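Shown below: start-v4.cif, with mmCIF, C-alpha atoms and all ligand atoms.
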data_start
#
loop_
_atom_site.label_atom_id
_atom_site.label_comp_id
_atom_site.auth_asym_id
_atom_site.auth_seq_id
_atom_site.Cartn_x
_atom_site.Cartn_y
_atom_site.Cartn_z
CA MET A 1 -27.35 -5.06 -40.13
CA LEU A 2 -23.74 -4.86 -41.32
CA ALA A 3 -24.52 -1.72 -43.32
CA LEU A 4 -26.03 -0.17 -40.19
CA ARG A 5 -22.94 -1.03 -38.16
CA ILE A 6 -20.64 0.47 -40.80
CA ALA A 7 -22.80 3.63 -40.89
CA ALA A 8 -22.54 3.88 -37.09
CA VAL A 9 -18.72 3.57 -37.22
CA ILE A 10 -18.55 6.29 -39.92
CA ALA A 11 -20.86 8.54 -37.86
CA ALA A 12 -18.68 8.00 -34.75
CA ALA A 13 -15.54 8.91 -36.73
CA ALA A 14 -17.31 12.02 -38.10
CA ALA A 15 -18.28 13.00 -34.54
CA GLY A 16 -14.58 12.67 -33.63
CA VAL A 17 -13.62 14.96 -36.54
CA LEU A 18 -16.21 17.52 -35.40
CA THR A 19 -14.93 17.32 -31.82
CA TRP A 20 -11.39 17.98 -33.05
CA THR A 21 -12.51 21.13 -34.91
CA LEU A 22 -13.98 22.43 -31.63
CA LEU A 23 -10.79 21.56 -29.72
CA GLU A 24 -8.73 23.24 -32.47
CA TYR A 25 -10.76 26.42 -31.97
CA MET A 26 -10.72 26.34 -28.16
CA ILE A 27 -7.02 25.49 -27.79
CA HIS A 28 -6.02 28.19 -30.30
CA ARG A 29 -8.36 30.88 -29.00
CA TRP A 30 -7.83 30.40 -25.28
CA MET A 31 -4.48 28.66 -24.78
CA GLY A 32 -2.90 30.53 -27.70
CA HIS A 33 -4.36 34.00 -27.35
CA ASP A 34 -5.83 34.51 -23.87
CA ARG A 35 -3.25 36.22 -21.63
CA ARG A 36 -4.19 33.96 -18.70
CA PHE A 37 -2.97 30.84 -20.56
CA ARG A 38 -0.08 32.29 -22.56
CA ARG A 39 2.45 30.54 -20.34
CA SER A 40 0.88 27.14 -21.05
CA PRO A 41 2.98 24.78 -23.23
CA PHE A 42 0.74 25.49 -26.25
CA GLY A 43 0.66 29.24 -25.50
CA VAL A 44 4.46 29.54 -25.47
CA GLU A 45 4.80 27.68 -28.78
CA HIS A 46 1.96 29.63 -30.37
CA VAL A 47 3.26 33.07 -29.43
CA ARG A 48 6.59 32.06 -31.00
CA HIS A 49 4.75 30.88 -34.15
CA HIS A 50 3.17 34.34 -34.48
CA ILE A 51 6.38 36.25 -33.78
CA GLU A 52 8.62 34.21 -36.11
CA GLY A 53 6.05 33.26 -38.75
CA ASN A 54 7.88 30.15 -39.98
CA TYR A 55 8.33 28.51 -36.56
CA PHE A 56 6.36 25.36 -35.77
CA ALA A 57 6.44 23.33 -32.58
CA PRO A 58 8.67 20.24 -32.96
CA THR A 59 7.05 16.99 -34.10
CA TRP A 60 7.71 15.20 -30.79
CA LYS A 61 5.52 17.75 -28.99
CA LYS A 62 2.74 17.13 -31.53
CA LEU A 63 3.03 13.38 -30.96
CA ILE A 64 2.73 13.98 -27.20
CA ALA A 65 -0.38 16.08 -27.85
CA ALA A 66 -1.85 13.23 -29.96
CA ALA A 67 -1.04 10.75 -27.16
CA ILE A 68 -2.74 13.02 -24.59
CA PHE A 69 -5.89 13.36 -26.72
CA THR A 70 -5.99 9.55 -27.13
CA ALA A 71 -5.36 8.84 -23.43
CA VAL A 72 -7.88 11.39 -22.13
CA LEU A 73 -10.70 10.82 -24.62
CA GLY A 74 -10.23 7.15 -25.57
CA PRO A 75 -11.25 5.38 -22.32
CA PRO A 76 -14.46 7.41 -21.71
CA ALA A 77 -15.45 7.10 -25.41
CA ILE A 78 -15.02 3.30 -25.28
CA LEU A 79 -16.89 3.11 -21.95
CA ILE A 80 -19.81 5.13 -23.30
CA ALA A 81 -20.10 3.80 -26.86
CA GLY A 82 -18.33 0.42 -26.76
CA ALA A 83 -15.04 -0.52 -28.39
CA PRO A 84 -15.76 -0.21 -32.15
CA LEU A 85 -17.58 3.13 -31.93
CA GLY A 86 -15.37 4.58 -29.20
CA LEU A 87 -12.23 3.68 -31.15
CA ALA A 88 -13.71 5.11 -34.38
CA TYR A 89 -14.50 8.34 -32.52
CA VAL A 90 -10.96 8.71 -31.16
CA ALA A 91 -9.44 7.71 -34.52
CA GLY A 92 -11.54 10.42 -36.25
CA LEU A 93 -10.50 13.00 -33.68
CA VAL A 94 -6.77 12.22 -33.57
CA GLY A 95 -6.64 11.58 -37.33
CA PHE A 96 -8.14 15.00 -38.03
CA TYR A 97 -5.74 16.56 -35.53
CA GLY A 98 -3.01 15.22 -37.86
CA VAL A 99 -4.82 16.74 -40.87
CA TYR A 100 -4.97 20.07 -39.03
CA GLU A 101 -1.22 20.03 -38.29
CA TRP A 102 -0.44 19.17 -41.93
CA LEU A 103 -2.83 21.80 -43.33
CA HIS A 104 -1.57 24.55 -41.02
CA ARG A 105 2.04 23.93 -42.06
CA ARG A 106 1.09 23.77 -45.75
CA GLU A 107 -0.70 27.12 -45.43
CA HIS A 108 2.59 28.69 -44.41
CA THR A 109 4.80 26.82 -46.88
CA HIS A 110 2.76 26.32 -50.07
CA PRO A 111 0.21 28.28 -52.11
CA GLY A 112 -3.33 26.96 -51.85
CA THR A 113 -5.00 25.07 -54.65
CA GLY A 114 -8.74 25.22 -55.25
CA PRO A 115 -11.31 27.35 -53.46
CA TYR A 116 -10.76 25.63 -50.09
CA GLY A 117 -6.96 25.97 -50.22
CA ARG A 118 -7.22 29.68 -51.05
CA TRP A 119 -9.94 30.26 -48.45
CA ALA A 120 -8.00 28.46 -45.69
CA ARG A 121 -4.94 30.63 -46.28
CA ARG A 122 -6.84 33.91 -46.34
CA HIS A 123 -8.80 32.91 -43.23
CA HIS A 124 -5.60 32.01 -41.36
CA PHE A 125 -3.42 34.91 -42.53
CA HIS A 126 -6.17 37.36 -41.63
CA HIS A 127 -5.77 35.91 -38.12
CA HIS A 128 -1.97 36.29 -38.27
CA PHE A 129 -1.72 39.76 -39.79
CA ALA A 130 -5.03 41.63 -39.58
CA ASP A 131 -6.77 40.70 -36.33
CA GLY A 132 -5.51 37.95 -33.99
CA ARG A 133 -8.80 38.02 -32.10
CA THR A 134 -10.62 36.58 -35.13
CA ASN A 135 -10.53 33.43 -37.29
CA HIS A 136 -9.12 30.96 -34.76
CA GLY A 137 -10.35 27.95 -36.72
CA VAL A 138 -7.78 26.62 -39.21
CA THR A 139 -9.64 23.76 -40.92
CA THR A 140 -13.16 25.25 -40.75
CA PRO A 141 -14.91 28.58 -40.04
CA LEU A 142 -17.65 26.71 -38.15
CA TRP A 143 -16.68 27.63 -34.58
CA ASP A 144 -15.65 31.19 -35.46
CA LEU A 145 -19.18 31.60 -36.83
CA ALA A 146 -20.69 29.93 -33.73
CA PHE A 147 -18.66 32.04 -31.25
CA GLY A 148 -18.84 35.32 -33.20
CA THR A 149 -15.13 35.59 -34.06
CA TYR A 150 -15.46 35.06 -37.83
CA GLU A 151 -14.23 37.92 -40.02
CA ARG A 152 -14.20 37.89 -43.79
CA PRO A 153 -10.72 39.03 -44.89
CA SER A 154 -10.27 42.04 -47.14
CA ILE A 155 -6.80 42.70 -48.61
CA ILE A 156 -4.32 41.20 -46.12
CA LYS A 157 -1.24 43.29 -45.36
CA VAL A 158 1.71 40.99 -44.74
CA PRO A 159 4.85 42.45 -43.14
CA PRO A 160 7.88 41.72 -45.37
CA ARG A 161 9.82 40.12 -42.48
CA LEU A 162 7.08 37.51 -41.96
CA CYS A 163 6.00 37.05 -45.58
CA MET A 164 5.47 33.49 -46.79
CA ALA A 165 7.87 32.52 -49.62
CA TRP A 166 5.02 31.26 -51.83
CA LEU A 167 3.48 34.73 -51.85
CA LEU A 168 6.56 36.41 -53.32
CA ASP A 169 7.92 36.57 -56.83
CA PRO A 170 11.60 35.62 -56.42
CA ALA A 171 12.59 37.78 -59.40
CA THR A 172 11.14 41.03 -58.04
CA GLY A 173 10.63 40.38 -54.32
CA ALA A 174 7.08 41.71 -54.71
CA ILE A 175 3.79 39.88 -54.17
CA ARG A 176 3.16 37.46 -57.08
CA ALA A 177 0.73 38.89 -59.63
CA GLU A 178 -1.91 36.21 -58.99
CA HIS A 179 -2.08 37.19 -55.28
CA ALA A 180 -1.77 40.95 -55.71
CA GLY A 181 -5.54 41.49 -55.45
CA THR A 182 -5.79 39.68 -52.10
CA TYR A 183 -2.44 40.27 -50.33
CA GLN A 184 -0.12 43.31 -50.04
CA LEU A 185 3.20 43.87 -48.35
CA GLY A 186 2.77 46.30 -45.48
CA LYS A 187 2.67 46.83 -41.77
CA GLN A 188 0.61 44.24 -39.93
CA THR A 189 -2.19 45.58 -37.77
CA SER A 190 -2.22 42.70 -35.28
CA ARG A 191 -0.09 39.92 -33.89
ZN ZN B 201 -2.93 32.45 -33.38
ZN ZN B 202 -0.12 29.96 -38.55
#
As a first step, turn the structure in this file into structure tokens.
Ligand SMILES: [Zn+2]
Ligand SMILES: [Zn+2]
Amino acid sequence: MLALRIAAVIAAAAAGVLTWTLLEYMIHRWMGHDRRFRRSPFGVEHVRHHIEGNYFAPTWKKLIAAAIFTAVLGPPAILIAGAPLGLAYVAGLVGFYGVYEWLHRREHTHPGTGPYGRWARRHHFHHHFADGRTNHGVTTPLWDLAFGTYERPSIIKVPPRLCMAWLLDPATGAIRAEHAGTYQLGKQTSR
């Protein structure tokens, strides 16, 4: 009985994580990139992130976003599923929102380790520099695949002005040898 209860709490948290990945896709695709919503608080911050490359919305705005997710989704989740499961759902969702914010920043500031780290960067920088209408998911390709916006990156051309420091060899200013087969300096084709 206890094992069943624990499994239900884990499943509720996993459902929260999955819900976040859908929100991540929808907020980025529509509030970030649809002209109709570009003046929304997220849209304004996101356009600046694309234009400046190393700009991220301040932490206090992210904490407000986390508070809004909790306030809007918490009460209905607890009403529908009861306190333990509803709280686990919201904790999974808001916790993974934090993971998303951390991962997105790391993608811009640090080279990726392992297949997932390398994939996540290529997926995201294809969105930044090759085609901003594709690859809206940051933590997973799931919703890009579901909504038909997934694109497998080829060599990504990164404009020098926006190039991530981890991609460059400080001695030469060129792309580091280990990334030369997957990234190039050049004119971006999208914003
Ligand atoms: Zn974007
Ligand atoms: Zn980004």
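For the choices A:Leu87, A:Leu162, A:Ile156, A:Leu23, the atom-to-atom distance to ligand ZN 202 (chain B) is smallest for A:Leu162 when using all atoms listed in the file.
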Can you list, as a ChimeraX atom specification, every protein, DNA or RNA residue that comes within 9 Å of range 163-176 of chain A when you count all atoms listed in the file, leaving out same-chain residues fewer than 6 positions away?
-> /A:53-54,107-111,183-185
Compile the contact shell of Thr59 in chain A as a ChimeraX atom specification: residues with an atom at most 12 Å away, counting all atoms listed in the file, same-chain residues fewer than 4 positions apart removed.
-> /A:55,63-66,98,101-102,105
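Distance check against ligand ZN 202 (chain B) using all atoms listed in the file: of A:His104, A:His123, A:His33, A:His28, the minimum falls on A:His104.
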Which of A:Arg152, A:His49, A:Lys61, A:His126 sits closest to ligand ZN 202 (chain B) [using only C-alpha atoms and all ligand atoms] | A:His49
Which residues are near ligand ZN 201 (chain B) in this structure, taking near to mean any atom at most 7 Å from a ligand atom and counting all atoms listed in the file? Format them as an mmCIF file with C-alpha atoms, in the frame of the given file.
data_model
loop_
_atom_site.group_PDB
_atom_site.id
_atom_site.type_symbol
_atom_site.label_atom_id
_atom_site.label_comp_id
_atom_site.auth_asym_id
_atom_site.auth_seq_id
_atom_site.Cartn_x
_atom_site.Cartn_y
_atom_site.Cartn_z
ATOM 1 C CA HIS A 28 -6.020 28.190 -30.300
ATOM 2 C CA GLY A 32 -2.900 30.530 -27.700
ATOM 3 C CA HIS A 33 -4.360 34.000 -27.350
ATOM 4 C CA HIS A 46 1.960 29.630 -30.370
ATOM 5 C CA HIS A 50 3.170 34.340 -34.480
ATOM 6 C CA HIS A 127 -5.770 35.910 -38.120
ATOM 7 C CA HIS A 128 -1.970 36.290 -38.270
ATOM 8 C CA GLY A 132 -5.510 37.950 -33.990
ATOM 9 C CA HIS A 136 -9.120 30.960 -34.760
#
CA of Val9 in chain A sits from CA of Pro76 in chain A at a separation of 16.5 Å
Which value, in Å to one decimal, gives the distance between CA of Gly186 in chain A and CA of Pro159 in chain A?
-> 5.0 Å
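Between CA of Arg36 in chain A and CA of Arg161 in chain A there is a distance of 28.3 Å.
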Residues near Val99 in chain A, cut-off 12 Å, only C-alpha atoms, skip fewer than 5 positions along chain, as a PyMOL selection string = chain A and resi 17+20-21+24+66+91-94+104-106+138-140
Do you know which residues are at most 12 Å from Pro141 in chain A counting all atoms listed in the file, after dropping those on the same chain fewer than 3 positions away, and could you put them as a short mmCIF file (atom, residue, chain, number, x, y, z; two decimals) with C-alpha atoms, keeping the file's coordinate frame?
data_model
loop_
_atom_site.label_atom_id
_atom_site.label_comp_id
_atom_site.auth_asym_id
_atom_site.auth_seq_id
_atom_site.Cartn_x
_atom_site.Cartn_y
_atom_site.Cartn_z
CA THR A 21 -12.51 21.13 -34.91
CA LEU A 22 -13.98 22.43 -31.63
CA GLU A 24 -8.73 23.24 -32.47
CA TYR A 25 -10.76 26.42 -31.97
CA TYR A 116 -10.76 25.63 -50.09
CA TRP A 119 -9.94 30.26 -48.45
CA ALA A 120 -8.00 28.46 -45.69
CA ARG A 121 -4.94 30.63 -46.28
CA ARG A 122 -6.84 33.91 -46.34
CA HIS A 123 -8.80 32.91 -43.23
CA HIS A 124 -5.60 32.01 -41.36
CA HIS A 127 -5.77 35.91 -38.12
CA THR A 134 -10.62 36.58 -35.13
CA ASN A 135 -10.53 33.43 -37.29
CA HIS A 136 -9.12 30.96 -34.76
CA GLY A 137 -10.35 27.95 -36.72
CA VAL A 138 -7.78 26.62 -39.21
CA ASP A 144 -15.65 31.19 -35.46
CA LEU A 145 -19.18 31.60 -36.83
CA ALA A 146 -20.69 29.93 -33.73
CA PHE A 147 -18.66 32.04 -31.25
CA GLY A 148 -18.84 35.32 -33.20
CA THR A 149 -15.13 35.59 -34.06
CA TYR A 150 -15.46 35.06 -37.83
CA GLU A 151 -14.23 37.92 -40.02
CA ARG A 152 -14.20 37.89 -43.79
#
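With only C-alpha atoms and all ligand atoms as the atoms that count, the residue of A:Pro84, A:Val47, A:Ala11, A:Phe125 with the shortest distance to ligand ZN 202 (chain B) is A:Phe125.
Remark: for ligand ZN 202 (chain B), the closest of the candidate residues A:Leu142, A:Ile68, A:Ala57, A:Met1 is A:Ala57 (distances computed over all atoms listed in the file).
Taking all atoms listed in the file into account, Asp131 in chain A lies nearest to A:Pro153 out of the set A:Pro75, A:Pro160, A:Pro153, A:Gly112.
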Padded axis-aligned box of range 165-173 of chain A (6 Å per side), centre and edge lengths, Å, one decimal, as lines of an AutoDock Vina configuration file:
center_x = 8.0
center_y = 36.1
center_z = -54.5
size_x = 21.1
size_y = 21.8
size_z = 21.8
Slice of the block: range 90-103 of chain A, all heavy atoms, as a PDB file, in the first residue's frame:
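Below is the file selection.pdb, written as the result:
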ATOM      1  N   VAL A  90       2.687  19.823  -8.767  1.00  0.00           N
ATOM      2  CA  VAL A  90       3.167  21.206  -8.872  1.00  0.00           C
ATOM      3  C   VAL A  90       4.664  21.272  -8.582  1.00  0.00           C
ATOM      4  O   VAL A  90       5.407  22.017  -9.243  1.00  0.00           O
ATOM      5  CB  VAL A  90       2.372  22.130  -7.929  1.00  0.00           C
ATOM      6  CG1 VAL A  90       2.959  23.529  -7.922  1.00  0.00           C
ATOM      7  CG2 VAL A  90       0.922  22.191  -8.371  1.00  0.00           C
ATOM      8  N   ALA A  91       5.136  20.466  -7.618  1.00  0.00           N
ATOM      9  CA  ALA A  91       6.575  20.456  -7.317  1.00  0.00           C
ATOM     10  C   ALA A  91       7.362  19.961  -8.529  1.00  0.00           C
ATOM     11  O   ALA A  91       8.417  20.510  -8.866  1.00  0.00           O
ATOM     12  CB  ALA A  91       6.857  19.580  -6.102  1.00  0.00           C
ATOM     13  N   GLY A  92       6.853  18.923  -9.213  1.00  0.00           N
ATOM     14  CA  GLY A  92       7.519  18.421 -10.422  1.00  0.00           C
ATOM     15  C   GLY A  92       7.565  19.492 -11.495  1.00  0.00           C
ATOM     16  O   GLY A  92       8.604  19.714 -12.131  1.00  0.00           O
ATOM     17  N   LEU A  93       6.448  20.181 -11.674  1.00  0.00           N
ATOM     18  CA  LEU A  93       6.351  21.201 -12.720  1.00  0.00           C
ATOM     19  C   LEU A  93       7.278  22.387 -12.418  1.00  0.00           C
ATOM     20  O   LEU A  93       8.110  22.768 -13.246  1.00  0.00           O
ATOM     21  CB  LEU A  93       4.900  21.665 -12.831  1.00  0.00           C
ATOM     22  CG  LEU A  93       4.531  22.546 -14.028  1.00  0.00           C
ATOM     23  CD1 LEU A  93       3.061  22.361 -14.394  1.00  0.00           C
ATOM     24  CD2 LEU A  93       4.808  24.014 -13.768  1.00  0.00           C
ATOM     25  N   VAL A  94       7.167  22.948 -11.226  1.00  0.00           N
ATOM     26  CA  VAL A  94       7.957  24.143 -10.899  1.00  0.00           C
ATOM     27  C   VAL A  94       9.434  23.763 -10.745  1.00  0.00           C
ATOM     28  O   VAL A  94      10.328  24.518 -11.144  1.00  0.00           O
ATOM     29  CB  VAL A  94       7.398  24.840  -9.642  1.00  0.00           C
ATOM     30  CG1 VAL A  94       8.267  26.019  -9.236  1.00  0.00           C
ATOM     31  CG2 VAL A  94       5.967  25.320  -9.908  1.00  0.00           C
ATOM     32  N   GLY A  95       9.699  22.573 -10.192  1.00  0.00           N
ATOM     33  CA  GLY A  95      11.086  22.116 -10.071  1.00  0.00           C
ATOM     34  C   GLY A  95      11.742  21.994 -11.440  1.00  0.00           C
ATOM     35  O   GLY A  95      12.888  22.413 -11.635  1.00  0.00           O
ATOM     36  N   PHE A  96      10.994  21.451 -12.412  1.00  0.00           N
ATOM     37  CA  PHE A  96      11.591  21.275 -13.736  1.00  0.00           C
ATOM     38  C   PHE A  96      11.672  22.605 -14.482  1.00  0.00           C
ATOM     39  O   PHE A  96      12.534  22.770 -15.354  1.00  0.00           O
ATOM     40  CB  PHE A  96      10.831  20.225 -14.556  1.00  0.00           C
ATOM     41  CG  PHE A  96      11.728  19.530 -15.543  1.00  0.00           C
ATOM     42  CD1 PHE A  96      12.760  18.715 -15.103  1.00  0.00           C
ATOM     43  CD2 PHE A  96      11.559  19.705 -16.903  1.00  0.00           C
ATOM     44  CE1 PHE A  96      13.617  18.086 -16.000  1.00  0.00           C
ATOM     45  CE2 PHE A  96      12.408  19.086 -17.814  1.00  0.00           C
ATOM     46  CZ  PHE A  96      13.440  18.273 -17.361  1.00  0.00           C
ATOM     47  N   TYR A  97      10.801  23.545 -14.132  1.00  0.00           N
ATOM     48  CA  TYR A  97      10.967  24.905 -14.659  1.00  0.00           C
ATOM     49  C   TYR A  97      12.343  25.442 -14.231  1.00  0.00           C
ATOM     50  O   TYR A  97      13.073  26.023 -15.036  1.00  0.00           O
ATOM     51  CB  TYR A  97       9.842  25.830 -14.161  1.00  0.00           C
ATOM     52  CG  TYR A  97      10.152  27.292 -14.345  1.00  0.00           C
ATOM     53  CD1 TYR A  97      10.291  27.828 -15.624  1.00  0.00           C
ATOM     54  CD2 TYR A  97      10.351  28.135 -13.251  1.00  0.00           C
ATOM     55  CE1 TYR A  97      10.616  29.168 -15.805  1.00  0.00           C
ATOM     56  CE2 TYR A  97      10.664  29.471 -13.430  1.00  0.00           C
ATOM     57  CZ  TYR A  97      10.804  29.980 -14.703  1.00  0.00           C
ATOM     58  OH  TYR A  97      11.137  31.296 -14.871  1.00  0.00           O
ATOM     59  N   GLY A  98      12.712  25.204 -12.961  1.00  0.00           N
ATOM     60  CA  GLY A  98      14.039  25.615 -12.478  1.00  0.00           C
ATOM     61  C   GLY A  98      15.152  24.919 -13.248  1.00  0.00           C
ATOM     62  O   GLY A  98      16.153  25.544 -13.613  1.00  0.00           O
ATOM     63  N   VAL A  99      14.982  23.623 -13.532  1.00  0.00           N
ATOM     64  CA  VAL A  99      15.979  22.874 -14.306  1.00  0.00           C
ATOM     65  C   VAL A  99      16.124  23.498 -15.694  1.00  0.00           C
ATOM     66  O   VAL A  99      17.242  23.689 -16.200  1.00  0.00           O
ATOM     67  CB  VAL A  99      15.571  21.387 -14.425  1.00  0.00           C
ATOM     68  CG1 VAL A  99      16.454  20.654 -15.434  1.00  0.00           C
ATOM     69  CG2 VAL A  99      15.647  20.709 -13.061  1.00  0.00           C
ATOM     70  N   TYR A 100      14.981  23.826 -16.298  1.00  0.00           N
ATOM     71  CA  TYR A 100      14.992  24.456 -17.625  1.00  0.00           C
ATOM     72  C   TYR A 100      15.787  25.762 -17.600  1.00  0.00           C
ATOM     73  O   TYR A 100      16.627  26.004 -18.468  1.00  0.00           O
ATOM     74  CB  TYR A 100      13.560  24.705 -18.107  1.00  0.00           C
ATOM     75  CG  TYR A 100      13.431  25.910 -19.006  1.00  0.00           C
ATOM     76  CD1 TYR A 100      13.775  25.827 -20.356  1.00  0.00           C
ATOM     77  CD2 TYR A 100      13.009  27.139 -18.502  1.00  0.00           C
ATOM     78  CE1 TYR A 100      13.702  26.945 -21.180  1.00  0.00           C
ATOM     79  CE2 TYR A 100      12.931  28.255 -19.319  1.00  0.00           C
ATOM     80  CZ  TYR A 100      13.282  28.154 -20.652  1.00  0.00           C
ATOM     81  OH  TYR A 100      13.215  29.261 -21.438  1.00  0.00           O
ATOM     82  N   GLU A 101      15.523  26.626 -16.607  1.00  0.00           N
ATOM     83  CA  GLU A 101      16.218  27.915 -16.541  1.00  0.00           C
ATOM     84  C   GLU A 101      17.726  27.704 -16.389  1.00  0.00           C
ATOM     85  O   GLU A 101      18.524  28.394 -17.025  1.00  0.00           O
ATOM     86  CB  GLU A 101      15.688  28.753 -15.356  1.00  0.00           C
ATOM     87  CG  GLU A 101      14.286  29.305 -15.551  1.00  0.00           C
ATOM     88  CD  GLU A 101      14.233  30.477 -16.546  1.00  0.00           C
ATOM     89  OE1 GLU A 101      15.243  30.737 -17.236  1.00  0.00           O
ATOM     90  OE2 GLU A 101      13.165  31.104 -16.634  1.00  0.00           O
ATOM     91  N   TRP A 102      18.106  26.739 -15.545  1.00  0.00           N
ATOM     92  CA  TRP A 102      19.516  26.437 -15.315  1.00  0.00           C
ATOM     93  C   TRP A 102      20.154  25.907 -16.607  1.00  0.00           C
ATOM     94  O   TRP A 102      21.216  26.348 -17.028  1.00  0.00           O
ATOM     95  CB  TRP A 102      19.635  25.413 -14.180  1.00  0.00           C
ATOM     96  CG  TRP A 102      21.024  24.928 -13.948  1.00  0.00           C
ATOM     97  CD1 TRP A 102      22.023  25.553 -13.258  1.00  0.00           C
ATOM     98  CD2 TRP A 102      21.579  23.691 -14.423  1.00  0.00           C
ATOM     99  NE1 TRP A 102      23.168  24.792 -13.284  1.00  0.00           N
ATOM    100  CE2 TRP A 102      22.936  23.647 -13.985  1.00  0.00           C
ATOM    101  CE3 TRP A 102      21.075  22.624 -15.166  1.00  0.00           C
ATOM    102  CZ2 TRP A 102      23.766  22.571 -14.271  1.00  0.00           C
ATOM    103  CZ3 TRP A 102      21.917  21.554 -15.463  1.00  0.00           C
ATOM    104  CH2 TRP A 102      23.243  21.541 -15.009  1.00  0.00           C
ATOM    105  N   LEU A 103      19.471  24.948 -17.239  1.00  0.00           N
ATOM    106  CA  LEU A 103      20.025  24.320 -18.448  1.00  0.00           C
ATOM    107  C   LEU A 103      20.180  25.348 -19.565  1.00  0.00           C
ATOM    108  O   LEU A 103      21.211  25.380 -20.248  1.00  0.00           O
ATOM    109  CB  LEU A 103      19.116  23.165 -18.898  1.00  0.00           C
ATOM    110  CG  LEU A 103      19.630  22.408 -20.118  1.00  0.00           C
ATOM    111  CD1 LEU A 103      20.811  21.518 -19.740  1.00  0.00           C
ATOM    112  CD2 LEU A 103      18.527  21.543 -20.731  1.00  0.00           C
TER     113      LEU A 103
END
